[in-house]
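Student: After the structure tokens below, expect a handful of questions from me.
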Amino acid sequence: MNSVAYRLYTEEAYRSEMFVNTIPEIQRTNLASVVLQLKSLGVRNLLEFDFMDPPPQVPKKNAIHKIYTRNFLLGQYFELHVSTVGIRCS
């Protein structure tokens, strides 16, 4: 059976600009909501969490810092707990 494929890009762009495999979404997005959700589920050490496709450490640290400075997390680093505001946001 013959079929037709329609492209929304040029063949040149396909050959030179596109990735062979796409980068997993967890490695491309802001991790603040993911970190807050994991903390609300009781995950203690977010930097050592076993992601299927783990994002780099720096974005994870940035996300932790971001939600901590917005008072969604309370406490010291390894003893962070989700605040009442953080619970409502997660």
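A note on labels: chains of the structure tokens are A, B, ... as shown, every chain counts residues from 1, and ligands are counted from 1 in their shown order.
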Quick one: everything within 8 Å of stretch 84-87 of chain A, counting only C-alpha atoms, minus sequence neighbours fewer than 5 positions away in the same chain. Send it as number ranges by chain.
Tutor: A: 36, 40, 71-73
Student: Please extract the residues of chain A with a backbone DSSP assignment of strand (DSSP E) and present them as a ChimeraX atom specification.
Tutor: /A:73-74,81-82
Student: Name the residues in contact with A:Ile26 at a cut-off of 9 Å, using only C-alpha atoms, excluding same-chain residues fewer than 5 positions from it; report them as a tab-separated table (two decimals) with N, CA and C atoms, in the first residue's frame.
Tutor:
```tsv
chain	number	residue	atom	x	y	z
A	31	LEU	N	12.11	22.35	36.26
A	31	LEU	CA	11.87	21.25	37.19
A	31	LEU	C	11.20	21.67	38.49
A	34	VAL	N	8.10	19.66	39.27
A	34	VAL	CA	8.47	18.27	39.51
A	34	VAL	C	9.07	18.11	40.90
A	51	PHE	N	15.59	9.17	38.58
A	51	PHE	CA	14.79	9.47	37.39
A	51	PHE	C	15.12	8.48	36.29
A	53	ASP	N	15.18	9.19	33.03
A	53	ASP	CA	16.11	9.98	32.22
A	53	ASP	C	16.53	11.17	33.07
A	54	PRO	N	17.55	11.00	33.91
A	54	PRO	CA	17.86	12.04	34.89
A	54	PRO	C	18.31	13.36	34.27
A	55	PRO	N	17.74	14.46	34.77
A	55	PRO	CA	18.20	15.77	34.33
A	55	PRO	C	19.54	16.08	34.99
```
Student: A:Leu74: which residues within 10 Å, counting only C-alpha atoms, same-chain residues fewer than 6 positions away excluded, as a list of chain:residue names?
Tutor: A:Ile67, A:Tyr68, A:Leu80, A:His81, A:Val82, A:Ser83, A:Thr84, A:Gly86
Student: According to DSSP computed on the backbone, where in chain A is there alpha helix (DSSP H)? Give the residues as a ChimeraX atom specification.
Tutor: /A:11-16,32-40,57-69,84-89
Student: Write out as a list in words the residues lying within 10 Å of A:Pro56, counting only C-alpha atoms and excluding same-chain residues fewer than 4 positions away.
Tutor: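 So the residues in contact are Ile26, Gln27, Leu47, Lys60 and Lys61 of chain A.
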Student: Given the selection you just returned, output its residues as a file containing N, CA, C and O atoms, formatted as a PDB file, in the first residue's frame.
Tutor:
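After the write, selection-v5.pdb holds the following:
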```pdb
ATOM      1  N   ILE A  26      11.918  15.702  30.522  1.00  0.00           N
ATOM      2  CA  ILE A  26      12.396  16.003  31.873  1.00  0.00           C
ATOM      3  C   ILE A  26      13.735  16.726  31.837  1.00  0.00           C
ATOM      4  O   ILE A  26      14.103  17.432  32.760  1.00  0.00           O
ATOM      5  N   GLN A  27      14.477  16.587  30.757  1.00  0.00           N
ATOM      6  CA  GLN A  27      15.762  17.260  30.638  1.00  0.00           C
ATOM      7  C   GLN A  27      15.645  18.610  29.936  1.00  0.00           C
ATOM      8  O   GLN A  27      16.607  19.350  29.852  1.00  0.00           O
ATOM      9  N   LEU A  47      18.260  15.245  44.973  1.00  0.00           N
ATOM     10  CA  LEU A  47      19.408  15.167  44.071  1.00  0.00           C
ATOM     11  C   LEU A  47      19.776  13.732  43.735  1.00  0.00           C
ATOM     12  O   LEU A  47      20.397  13.465  42.717  1.00  0.00           O
ATOM     13  N   LYS A  60      18.287  20.769  38.741  1.00  0.00           N
ATOM     14  CA  LYS A  60      17.611  20.280  39.948  1.00  0.00           C
ATOM     15  C   LYS A  60      17.897  21.210  41.124  1.00  0.00           C
ATOM     16  O   LYS A  60      16.983  21.571  41.872  1.00  0.00           O
ATOM     17  N   LYS A  61      19.148  21.613  41.283  1.00  0.00           N
ATOM     18  CA  LYS A  61      19.508  22.530  42.377  1.00  0.00           C
ATOM     19  C   LYS A  61      18.815  23.878  42.199  1.00  0.00           C
ATOM     20  O   LYS A  61      18.331  24.462  43.172  1.00  0.00           O
TER      21      LYS A  61
END
```
Student: Using only C-alpha atoms, find the one residue out of A:Cys89, A:Met1, A:Val43, A:Val58 that sits nearest to A:Asn30.
Tutor: A:Val58
Student: Between atom CA of A:Glu25 and atom CA of A:Arg88, what is the distance, to one decimal in Å?
Tutor: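 Distance between the two atoms: 24.6 Å.
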Student: Which one of A:Gln76, A:Ser3, A:Thr10, A:Ser90 sits closest to A:Arg44 if you count only C-alpha atoms?
Tutor: A:Gln76
